[in-house]
file input_22.cif (mmCIF, C-alpha atoms)
data_model
loop_
_atom_site.label_atom_id
_atom_site.label_comp_id
_atom_site.auth_asym_id
_atom_site.auth_seq_id
_atom_site.Cartn_x
_atom_site.Cartn_y
_atom_site.Cartn_z
CA MET A 19 69.02 92.55 139.09
CA ALA A 20 69.54 91.13 135.60
CA GLU A 21 72.23 92.57 133.37
CA THR A 22 70.95 94.35 130.25
CA ASP A 23 72.34 93.61 126.79
CA ARG A 24 74.05 97.03 126.79
CA GLU A 25 75.66 96.37 130.18
CA LEU A 26 76.92 92.99 128.96
CA THR A 27 78.32 94.59 125.81
CA GLN A 28 80.10 97.24 127.86
CA ARG A 29 81.54 94.59 130.21
CA LEU A 30 82.83 92.60 127.23
CA GLU A 31 84.24 95.74 125.60
CA ARG A 32 86.17 96.45 128.83
CA ALA A 33 87.41 92.86 128.88
CA ILE A 34 88.61 93.12 125.26
CA MET A 35 90.45 96.39 125.86
CA SER A 36 91.95 95.13 129.13
CA LEU A 37 93.26 91.97 127.48
CA LEU A 38 94.76 93.95 124.59
CA GLU A 39 96.40 96.43 126.98
CA ARG A 40 98.11 93.55 128.78
CA ARG A 41 99.60 92.18 125.56
CA ALA A 42 102.19 93.44 123.12
CA ALA A 43 100.97 96.14 120.74
CA THR A 44 101.10 93.71 117.82
CA SER A 45 99.23 90.90 119.61
CA SER A 46 95.66 89.85 119.03
CA ILE A 47 93.08 87.98 121.06
CA CYS A 48 90.30 85.56 120.28
CA PRO A 49 86.72 86.51 121.16
CA SER A 50 86.78 83.47 123.46
CA ASP A 51 89.52 85.16 125.52
CA ALA A 52 87.13 88.05 126.22
CA ALA A 53 84.24 85.69 126.95
CA ARG A 54 86.37 83.79 129.48
CA GLU A 55 87.64 87.02 131.02
CA ALA A 56 84.12 88.41 131.48
CA TYR A 57 82.53 85.17 132.67
CA GLU A 58 82.13 85.05 136.43
CA GLY A 59 81.94 81.29 136.85
CA ASP A 60 84.47 78.48 136.69
CA ASP A 61 82.59 76.18 134.33
CA GLU A 62 81.91 76.23 130.59
CA GLY A 63 79.32 79.03 130.89
CA TRP A 64 81.68 81.42 129.10
CA ARG A 65 80.61 79.77 125.85
CA ALA A 66 77.24 81.54 126.10
CA LEU A 67 79.17 84.83 125.90
CA MET A 68 80.82 84.06 122.55
CA GLU A 69 78.26 85.81 120.35
CA PRO A 70 78.00 88.80 122.71
CA ALA A 71 81.84 88.99 122.69
CA ARG A 72 81.83 89.12 118.89
CA ARG A 73 79.18 91.86 118.99
CA ALA A 74 81.31 93.81 121.48
CA ALA A 75 84.31 93.48 119.17
CA TRP A 76 82.29 94.84 116.23
CA SER A 77 81.10 97.72 118.41
CA LEU A 78 84.70 98.57 119.29
CA ALA A 79 85.71 98.21 115.63
CA ALA A 80 82.97 100.66 114.60
CA ALA A 81 84.39 103.12 117.16
CA GLY A 82 87.90 102.71 115.69
CA GLU A 83 89.31 101.10 118.85
CA VAL A 84 90.09 97.66 117.43
CA GLU A 85 90.30 95.72 114.19
CA VAL A 86 88.66 92.37 113.69
CA THR A 87 90.83 90.12 111.54
CA ARG A 88 90.73 86.81 109.76
CA ALA A 89 94.01 85.22 108.67
CA GLY A 90 95.80 88.39 109.82
CA ARG A 91 93.80 90.75 107.60
CA PRO A 92 91.07 93.16 108.72
CA VAL A 93 87.58 92.09 107.73
CA LYS A 94 84.23 93.84 107.65
CA GLU A 95 81.42 92.44 109.72
CA THR A 96 79.49 91.53 106.58
CA GLU A 97 82.48 89.50 105.30
CA ALA A 98 83.36 87.80 108.59
CA HIS A 99 83.15 84.05 108.89
CA GLY A 100 85.24 81.37 110.52
CA PRO A 101 87.90 82.06 113.16
CA LEU A 102 88.31 85.73 114.00
CA ARG A 103 90.89 87.65 116.03
CA ILE A 104 90.78 91.10 117.62
CA ARG A 105 93.71 93.51 117.71
CA ARG A 106 94.29 97.17 118.48
CA ALA A 107 93.40 99.50 115.65
CA ARG A 108 96.40 100.55 113.60
#

call {"tool": "encode", "arguments": {"input": "input_22.cif", "output": "structure tokens"}}
result
Amino acid sequence: MAETDRELTQRLERAIMSLLERRAATSSICPSDAAREAYEGDDEGWRALMEPARRAAWSLAAAGEVEVTRAGRPVKETEAHGPLRIRRAR
């Protein structure tokens, strides 16, 4: 059975929160960390999960669970470009 977009988002949200829980409270992760964590293969297929991982991060940010940052400062989704990081909400 194929995974729905919502199921994929939820899996990536769990991966993001799990990674953050295993790191120091002040640490952040890259969306690629979540994509790699959620990917079930051992090849480069995790790259296809990059955009879904970013969407999962924005979903968690909207819920107040995380902050998405650029250069260490929180950014809004409409302002986001370039390298992004994800950290626990402060």

call {"tool": "closest_residue", "arguments": {"input": "input_22.cif", "among": "A:Ala66, A:Leu26, A:Ile104, A:Leu37", "to": "A:Arg91", "atoms": "all atoms listed in the file"}}
result
A:Ile104

call {"tool": "residues_around", "arguments": {"input": "input_22.cif", "residues": "A:Glu31", "least_positions_apart": "4", "cutoff": "12 Å", "atoms": "all atoms listed in the file", "output": "PyMOL selection string"}}
result
chain A and resi 24-27+35-38+49+51-53+55-56+70-79+81+83-84+104

call {"tool": "closest_residue", "arguments": {"input": "input_22.cif", "among": "A:Arg54, A:Ala80, A:Ala43, A:Thr22", "to": "A:Met68", "atoms": "all atoms listed in the file"}}
result
A:Arg54

call {"tool": "closest_residue", "arguments": {"input": "input_22.cif", "among": "A:Ser50, A:Gly82, A:Thr44, A:Thr87", "to": "A:Glu62", "atoms": "all atoms listed in the file"}}
result
A:Ser50

call {"tool": "residues_around", "arguments": {"input": "input_22.cif", "residues": "A:Leu102", "least_positions_apart": "6", "cutoff": "7 Å", "atoms": "all atoms listed in the file", "output": "PyMOL selection string"}}
result
chain A and resi 48+86-88

call {"tool": "atom_distance", "arguments": {"input": "input_22.cif", "atom1": "atom CA of A:Ala98", "atom2": "atom CA of A:Arg40"}}
result
25.7 Å

call {"tool": "atom_distance", "arguments": {"input": "input_22.cif", "atom1": "atom CA of A:Gly90", "atom2": "atom CA of A:Arg41"}}
result
16.6 Å

call {"tool": "atom_distance", "arguments": {"input": "input_22.cif", "atom1": "atom CA of A:Ser45", "atom2": "atom CA of A:Glu58"}}
result
24.7 Å

call {"tool": "closest_residue", "arguments": {"input": "input_22.cif", "among": "A:Ala89, A:Leu67, A:Ile47, A:Ala107", "to": "A:Leu30", "atoms": "all atoms listed in the file"}}
result
A:Leu67
